[in-house]
Amino acid sequence: MKYLCCIALLLIASVSFAQITFEGVVRDSLNNPLELANVIAINKATSGLESYGITNGEGKFKLELGKNGSYEIQISYVGLKTLKETLSTAESDITKDYILQAENALDEVELVYEMPVTVKGDTLIYNADSFQNGTERKLEDVLEKLPGVEINEEGQIEVEGKVVNKLMVNGKDFFDGDTKLATKNIPSKAVDKIQVLRNYSEVGQLSGVTNNQDNVAMNIKLKEGKENFWFGNVTAGGGAAPNNELYLLQPKLFYYSPEYSLNFIGDLNNTGEVALTRRDIRNFGGGFRAPSRSSGTNINLGDNSLNFLTSQGNALEIENKLATGNFSYSPSSTLDLSGFLIYNSGRILSKRTSLIQYTDADLGIPDEATEESSRERSDQGLLKLSASYQPNVSNQMDYDILARVSNDRQNQNLFSSVIGNTRQLDEVTPYSINQNLNYYYTLDEDNIFAFEAQHLLKNEDPFYNAVLVNDPNGADAFDTTADALGLDTSLNNYDLGQNRRIKSNQLDAKLDYYHILNTKSNINFTLGTILSRQDFDSNIFQFLADGSEFDPTPTFNAGRATNDVTYNFSDVYLGVHYRFKTGIFTITPGFSLHAYGNKNTQFGETYKDNFFRFLPDFETRLQLKKNESLTLRYEMRNQFTDVTRLAEGLVLNNFSSIQFGEPELQNALSHNVSLFYRSFNLFNYTNIFARAAYSSNIDQIRSLTNFENVIRTSTFFNSNFADENVNVFGRVQRTFGKIRATLNASFNYSKINQFIQGRQSLNEGFTQTYTPGIRTNYKIAPNVSFRYRYSVTNNNQGGRETKFVTNAPSINFDAYIWKSVTLRSDYTYTNQDLGNGESQSFQNWDATLSYRKDRNAKWEYEIKATNLLDIDSQVRNNANNLSVFASETFIQPRFVTFRFVYTL
């Protein structure tokens with residue numbers, strides 16, 4: 001790996017030194033410098049685009065050209081005549097200025113080479129063909145080559161450091177704006193333009209009165225000929241694996257017309273290629289149809305879905321089925337209808353070993369070695385329908401309904417060096433229905449009204465069962481806990497069960513009034529409410545030898561093993577925000593005044609808490625230049641917990657984690673400060689993004705935890721000790737001709753107060769990660785992308801200090817050979833130093849070789865190999881506020897599949 005990286009860097013360096021700099025100034029006929037003029041150089045030998053640039057505020061441009069070459073220079077500016085000339089280079093840099101003349105409407109319009117990147121107001125437009133060399137297959141292959149655009153580890157698109165929340169195709173939502181489905185399925189050859197819409201507002205009426213700088217959308221413009229008929233591709237393939245036969249079928253079909261669009265994406269495989277993970281499904285349904293401003297109140301309804309042992313892309317066996325359909329229809333110019341249906345099914349076999357060391361050796365908690373194996377099944381369905389009605393510019397009404405249902409099951413076998421053998425079963429079949437209704441009305445040019453309401457209905461019914469071996473003649477680690485729970489200890493097994501049901505019903509509605517005072521200021525009044533109700537029932541029982549159920553009575557917690565809780569929450573608030581511009585500043589101070597009401601009823605008692613709270617917030621944005629800004633934001637938030645932490649009866653998170661709540665828990669208050677800087681410079685191709693965030697949590701809800709061996713029992717309280725978190729992220733990206741260098745750096749510091757065995761201790765964690773990278777983007781020559789991730793994690797957990805160091809170099813190679821063969825390869829080496837002289841490492845190497853007669857061929861033939869080195873497992877080391885753990889997860893063996901791709 002070391003020699004391969006050195007060769008790649010030497011190749012990149014040798015090519016970069018074979019260039020000269022061509023720079024100058026572009027002015028108009030009055031000698032005024034022209035900003036955002038386009039300057040391109042076309043290689044006359046190849047007729048291809050060699051370099052491009054955009055002038056800055058002083059009219060300056062800079063291009064990197066090859067030595068001893070001949071180029072056609074084209075300089076263009078809206079409203080002025082395009083200038084063309086031939087330029088020959090030698091061994092030295094060239095400086096030359098240009099003057100553009102007014103365009104004569106009678107002159108013949110000449111076609112000029114299309115700019116790779118253009119700027120029109122808040123819209124950044126990339127010409128897709130300018131960044132493709134023939135190895136691309138999907139949209140993500142193109143996006144990764146665009147300056148200022150990244151695809152992060154979660155598969156999300158980031159532009160100028162901000163996550164793209166909405167993606168459209170020809171102006172129509174693609175699966176409700178989901179970016180991951182788009183990047184991995186839209187064919188690259190269908191893409192003409194990629195439009196980045198900064199400061200995007202879903203509601204045009206509010207674009208001038210709200211701060212939208214965090215909103216980034218992306219619109220994919222299709223090439224001519226991709227409308228009014230189906231396009232896409234179908235992939236089919238198979239292969240052999242050590243234990244089974246491999247199969248794969250992936251149809252991806254798209255239809256677009258001015259009136260409607262239809263999309264279908266299917267995936268059936270057992271090769272571990274997961275189109276959407278369970279997490280992706282849970283997070284689906286975004287877009288920007290959400291309240292325009294946070295009220296300052298956060299209420300947690302909890303998440304009682306299954307905590308699966310592994311991710312869908314990291315297991316021994318993976319079977320995946322996906323069927324998705326998306327439509328949009330505009331029956332008239334005033335009405336837009338859209339929706340999608342998703343069915344996702346996964347079957348997983350996983351295995352993992354771990355060594356767990358608890359925080360403080362003085363507490364007497366033994367270290368624990370575990371071996372886990374699990375069979376997981378997940379079936380998920382989503383249905384969303386949306387309507388937007390805009391009869392005129394003064395009225396707009398939006399309605400969405402999103403329904404979710406799933407059926408999840410996990411069978412787990414666990415061996416613990418402390419507990420012994422355990423079998424566990426988790427099942428849950430939850431559903432939820434979420435509705436949004438938004439109405440926007442412009443009374444006149446100075447007065448705007450906005451009504452936004454959301455209603456959520458959610459039902460969760462998790463079932464848990466654990467079977468532990470019990471030796472009546474010996475001393476088992478679970479015996480003390482079994483006695484405390486009131487179990488029958490005379491049986492050979494402890495067969496525990498628990499039923500839970502959590503019903504949530506929440507309404508969040510608000511009315512906004514915006515009054516425009518003048519061209520630079522407006523004031524916003526908000527009247528809103530949050531009404532929530534949660535019902536929680538649970539009971540713990542033991543299966544006896546004859547199959548009957550025994551209801552135990554614990555010897556602690558007043559003998560309460562069941563729950564029957566009703567929790568009502570209300571928030572009525574009034575908010576005021578004043579927004580004004582002065583010079584380069586946009587300042588938005590504001591506050592909200594809340595009247596809170598809490599009530600929970602359980603075991604014949606009612607607990608109430610009614611109070612008022614004043615929550616200020618503040619935002620200032622400095623627009624330093626057109627493409628450079630700095631934003632400072634402060635917000636105070638009130639955080640409320642969910643019903644399960646208020647419930648006094650026992651709850652089994654699992655057999656080794658038992659909790660009971662505190663009905664008189666109070667809310668937690670947090671101070672949140674963030675700073676964001678962005679600079680997108682097309683003159684010298686330097687992009688800088690940085691963000692820093694600090695939060696301090698007061699009266700944070702913390703757990704009081706006691707251990708019996710490795711079995712913990714927890715309850716909750718409001719801590720008087722403040723918890724803090726600091727997060728800093730920065731990215732610097734610079735393009736030198738065909739080479740792009742990037743440096744990502746992140747820092748995270750957290751301070752958490754923990755309470756174990758009656759002792760308070762401070763848990764401090766600091767993680768720093770540096771990721772330099774360099775990649776080429778040649779039209780003809782092979783391209784190489786090299787990254788190196790270096791991460792250090794330090795944890796001070798009371799009586800134990802740990803340090804993990806990760807080194808992970810990776811290289812990506814792609815080549816388009818003989819205009820018909822594509823070779824792509826990805827290799828990563830990961831080494832983790834445990835800080836005690838020991839280290840662990842693993843490697844990932846995948847490769848693809850494909851053949852198509854030419855870029856327009858209908859058929860493509862592909863060989864794809866994953867885990868070429870046949871690595872058995874991957875290692876991971878980490879720490880939380882209770883323990884430090886090292887784990888080894890076993891993965892799929894080497895797979896080689898043969899595939900056929902037919903392009904419509």
# chains A, B, ... in the order shown; residues from 1 in each chain; ligands from 1
>>> residues_around(residues="Gly575 in chain A", least_positions_apart="6", cutoff="12 Å", atoms="only C-alpha atoms", output="number ranges by chain")
A: 293-297, 510-514, 523-529, 589-595, 613-617
>>> residues_around(residues="Gly204 in chain A", least_positions_apart="5", cutoff="12 Å", atoms="only C-alpha atoms", output="PyMOL selection string")
chain A and resi 199+209-210+212+390+392-396+440-442+448+450
>>> residues_around(residues="Ser656 in chain A", least_positions_apart="6", cutoff="10 Å", atoms="only C-alpha atoms", output="mmCIF file with C-alpha atoms, in the first residue's frame")
data_model
loop_
_atom_site.group_PDB
_atom_site.id
_atom_site.type_symbol
_atom_site.label_atom_id
_atom_site.label_comp_id
_atom_site.auth_asym_id
_atom_site.auth_seq_id
_atom_site.Cartn_x
_atom_site.Cartn_y
_atom_site.Cartn_z
ATOM 1 C CA ILE A 419 -23.374 -14.241 32.699
ATOM 2 C CA PHE A 478 -27.830 -13.341 37.447
ATOM 3 C CA THR A 481 -30.830 -9.802 40.075
ATOM 4 C CA PHE A 707 -24.163 -2.484 38.895
ATOM 5 C CA GLU A 708 -24.497 -6.033 40.159
ATOM 6 C CA ASN A 709 -21.699 -7.746 38.231
ATOM 7 C CA VAL A 710 -22.401 -6.413 34.690
ATOM 8 C CA ILE A 711 -26.151 -6.032 35.221
ATOM 9 C CA ARG A 712 -27.154 -2.438 35.774
ATOM 10 C CA THR A 713 -30.236 -0.879 37.267
#
>>> select_by_dssp(residues="range 495-744 of chain A", states="helix (DSSP H, G or I)", output="ChimeraX atom specification")
/A:557-559,643-645
>>> write_last_selection(atoms="N, CA and C atoms", output="tab-separated table (two decimals), in the first residue's frame")
chain	number	residue	atom	x	y	z
A	557	ASN	N	-38.02	-0.93	44.49
A	557	ASN	CA	-38.89	-0.06	43.71
A	557	ASN	C	-40.35	-0.23	44.12
A	558	ALA	N	-40.58	-0.43	45.42
A	558	ALA	CA	-41.93	-0.57	45.98
A	558	ALA	C	-42.71	-1.70	45.32
A	559	GLY	N	-41.98	-2.68	44.77
A	559	GLY	CA	-42.63	-3.85	44.18
A	559	GLY	C	-43.33	-3.57	42.86
A	643	VAL	N	-42.26	9.58	27.94
A	643	VAL	CA	-43.02	8.97	29.03
A	643	VAL	C	-42.26	7.83	29.71
A	644	THR	N	-41.36	7.13	29.00
A	644	THR	CA	-40.71	5.96	29.60
A	644	THR	C	-39.78	6.35	30.74
A	645	ARG	N	-39.27	7.58	30.75
A	645	ARG	CA	-38.40	8.00	31.86
A	645	ARG	C	-39.20	8.54	33.05
>>> residues_around(residues="range 578-581 of chain A", least_positions_apart="4", cutoff="6 Å", atoms="only C-alpha atoms", output="CSV table (one decimal) with N, CA and C atoms, in the first residue's frame")
chain,number,residue,atom,x,y,z
A,520,LYS,N,-35.5,46.9,4.1
A,520,LYS,CA,-34.4,46.3,4.9
A,520,LYS,C,-34.8,45.7,6.2
A,521,SER,N,-36.1,45.7,6.5
A,521,SER,CA,-36.5,45.2,7.8
A,521,SER,C,-37.9,44.7,7.8
A,522,ASN,N,-38.2,43.7,8.7
A,522,ASN,CA,-39.5,43.2,8.9
A,522,ASN,C,-39.6,42.7,10.4
A,523,ILE,N,-40.8,42.5,10.8
A,523,ILE,CA,-41.1,42.0,12.2
A,523,ILE,C,-42.0,40.8,12.1
A,585,PHE,N,-24.5,43.4,7.3
A,585,PHE,CA,-25.1,42.6,8.3
A,585,PHE,C,-26.6,42.4,8.1
A,586,THR,N,-27.0,41.2,8.4
A,586,THR,CA,-28.4,40.8,8.5
A,586,THR,C,-28.6,40.3,10.0
A,587,ILE,N,-29.4,41.0,10.8
A,587,ILE,CA,-29.5,40.7,12.2
A,587,ILE,C,-30.9,40.4,12.5
A,588,THR,N,-31.1,39.3,13.3
A,588,THR,CA,-32.4,38.8,13.7
A,588,THR,C,-32.4,38.5,15.1
A,589,PRO,N,-32.7,39.5,16.0
A,589,PRO,CA,-32.9,39.2,17.4
A,589,PRO,C,-34.4,38.7,17.6
>>> closest_residue(among="A:Asn421, A:Asn170, A:Asn753, A:Gln639", to="Ile220 in chain A", atoms="only C-alpha atoms")
A:Asn170
>>> atom_distance(atom1="CA of Phe61 in chain A", atom2="CA of Ser629 in chain A")
21.8 Å
>>> select_by_dssp(residues="range 480-729 of chain A", states="strand (DSSP E)", output="ChimeraX atom specification")
/A:493-518,521-543,549-550,562-582,585-602,605-625,628-640,650-654,657-660,668-681,686-698,701-708,711-718,723-729
>>> residues_around(residues="Lys145 in chain A", least_positions_apart="6", cutoff="12 Å", atoms="only C-alpha atoms", output="list in words")
Pro116, Tyr126, Asn127, Ala128, Asp129, Ser130, Phe131, Gln132, Asn133, Thr135, Glu136, Leu139, Ile151, Thr735, Lys738, Ile739, Arg740, Ala741, Ile774, Arg775, Thr776, Asn777, Tyr778, Lys779, Asn783, Val784 and Ser785 of chain A
>>> write_last_selection(atoms="C-alpha atoms", output="mmCIF file, in the first residue's frame")
data_model
loop_
_atom_site.group_PDB
_atom_site.id
_atom_site.type_symbol
_atom_site.label_atom_id
_atom_site.label_comp_id
_atom_site.auth_asym_id
_atom_site.auth_seq_id
_atom_site.Cartn_x
_atom_site.Cartn_y
_atom_site.Cartn_z
ATOM 1 C CA PRO A 116 -18.165 23.953 -16.598
ATOM 2 C CA TYR A 126 -22.397 22.724 -13.116
ATOM 3 C CA ASN A 127 -22.221 21.343 -16.648
ATOM 4 C CA ALA A 128 -22.083 17.582 -16.002
ATOM 5 C CA ASP A 129 -20.257 16.620 -19.208
ATOM 6 C CA SER A 130 -17.324 18.861 -18.282
ATOM 7 C CA PHE A 131 -16.497 16.631 -15.340
ATOM 8 C CA GLN A 132 -17.038 13.177 -16.866
ATOM 9 C CA ASN A 133 -14.387 10.961 -18.425
ATOM 10 C CA THR A 135 -16.047 5.819 -15.992
ATOM 11 C CA GLU A 136 -19.151 7.348 -14.385
ATOM 12 C CA LEU A 139 -25.106 10.581 -10.341
ATOM 13 C CA ILE A 151 -20.723 13.030 -0.457
ATOM 14 C CA THR A 735 -8.070 22.977 -7.395
ATOM 15 C CA LYS A 738 -6.858 18.882 -13.160
ATOM 16 C CA ILE A 739 -5.872 18.187 -9.554
ATOM 17 C CA ARG A 740 -8.008 18.877 -6.489
ATOM 18 C CA ALA A 741 -6.644 18.819 -2.944
ATOM 19 C CA ILE A 774 -5.983 14.559 -3.420
ATOM 20 C CA ARG A 775 -7.682 13.506 -6.650
ATOM 21 C CA THR A 776 -7.261 13.999 -10.376
ATOM 22 C CA ASN A 777 -9.920 14.668 -13.001
ATOM 23 C CA TYR A 778 -8.485 13.995 -16.429
ATOM 24 C CA LYS A 779 -10.618 13.417 -19.483
ATOM 25 C CA ASN A 783 -7.701 9.124 -12.430
ATOM 26 C CA VAL A 784 -6.534 8.518 -8.894
ATOM 27 C CA SER A 785 -8.061 9.631 -5.609
#
>>> closest_atom_pairs(of="range 354-449 of chain A", to="range 489-502 of chain A", cutoff="10 Å", atoms="only C-alpha atoms", output="JSON lines")
{"residue": "A:Thr422", "atom": "CA", "partner": "A:Tyr494", "partner_atom": "CA", "distance": 9.6}
{"residue": "A:Arg423", "atom": "CA", "partner": "A:Asp495", "partner_atom": "CA", "distance": 9.4}
{"residue": "A:Gln424", "atom": "CA", "partner": "A:Leu496", "partner_atom": "CA", "distance": 9.4}
{"residue": "A:Leu425", "atom": "CA", "partner": "A:Gly497", "partner_atom": "CA", "distance": 9.3}
{"residue": "A:Asp426", "atom": "CA", "partner": "A:Gln498", "partner_atom": "CA", "distance": 9.8}
{"residue": "A:Glu427", "atom": "CA", "partner": "A:Asn499", "partner_atom": "CA", "distance": 9.9}
{"residue": "A:Val428", "atom": "CA", "partner": "A:Arg500", "partner_atom": "CA", "distance": 9.6}
{"residue": "A:Pro430", "atom": "CA", "partner": "A:Ile502", "partner_atom": "CA", "distance": 9.5}
>>> residues_around(residues="Ala323 in chain A", least_positions_apart="6", cutoff="7 Å", atoms="only C-alpha atoms", output="PDB file with N, CA and C atoms, in the first residue's frame")
ATOM      1  N   ILE A 265     -37.675   2.109  -8.751  1.00  0.00           N
ATOM      2  CA  ILE A 265     -36.366   1.561  -8.397  1.00  0.00           C
ATOM      3  C   ILE A 265     -36.599   0.255  -7.660  1.00  0.00           C
ATOM      4  N   GLY A 266     -36.022  -0.812  -8.161  1.00  0.00           N
ATOM      5  CA  GLY A 266     -36.136  -2.108  -7.520  1.00  0.00           C
ATOM      6  C   GLY A 266     -34.768  -2.698  -7.243  1.00  0.00           C
ATOM      7  N   ASP A 267     -34.708  -3.554  -6.246  1.00  0.00           N
ATOM      8  CA  ASP A 267     -33.426  -4.174  -5.892  1.00  0.00           C
ATOM      9  C   ASP A 267     -33.703  -5.502  -5.197  1.00  0.00           C
ATOM     10  N   ILE A 342     -42.722   2.928  -0.722  1.00  0.00           N
ATOM     11  CA  ILE A 342     -41.464   2.204  -0.537  1.00  0.00           C
ATOM     12  C   ILE A 342     -41.723   0.933   0.269  1.00  0.00           C
ATOM     13  N   TYR A 343     -41.222  -0.171  -0.233  1.00  0.00           N
ATOM     14  CA  TYR A 343     -41.207  -1.424   0.529  1.00  0.00           C
ATOM     15  C   TYR A 343     -39.767  -1.905   0.597  1.00  0.00           C
ATOM     16  N   ASN A 344     -39.296  -2.141   1.813  1.00  0.00           N
ATOM     17  CA  ASN A 344     -37.917  -2.559   2.008  1.00  0.00           C
ATOM     18  C   ASN A 344     -37.899  -3.764   2.945  1.00  0.00           C
TER      19      ASN A 344
END
>>> residues_around(residues="Glu35 in chain A", least_positions_apart="3", cutoff="7 Å", atoms="only C-alpha atoms", output="PyMOL selection string")
chain A and resi 55-59
>>> write_last_selection(atoms="C-alpha atoms", output="compact mmCIF listing (two decimals), in the first residue's frame")
# COMPACT_ATOMS: atom_id res chain seq x y z
CA THR A 55 -13.11 36.59 -12.77
CA ASN A 56 -13.21 37.98 -9.25
CA GLY A 57 -14.41 41.40 -8.08
CA GLU A 58 -11.30 43.02 -9.57
CA GLY A 59 -11.78 41.34 -12.97
>>> atom_distance(atom1="CA of Arg789 in chain A", atom2="CA of Tyr829 in chain A")
10.2 Å
>>> closest_residue(among="A:Thr889, A:Thr830, A:Gln797, A:Thr566", to="Gln357 in chain A", atoms="only C-alpha atoms")
A:Gln797
>>> atom_distance(atom1="CA of Gly604 in chain A", atom2="CA of Asn563 in chain A")
11.5 Å
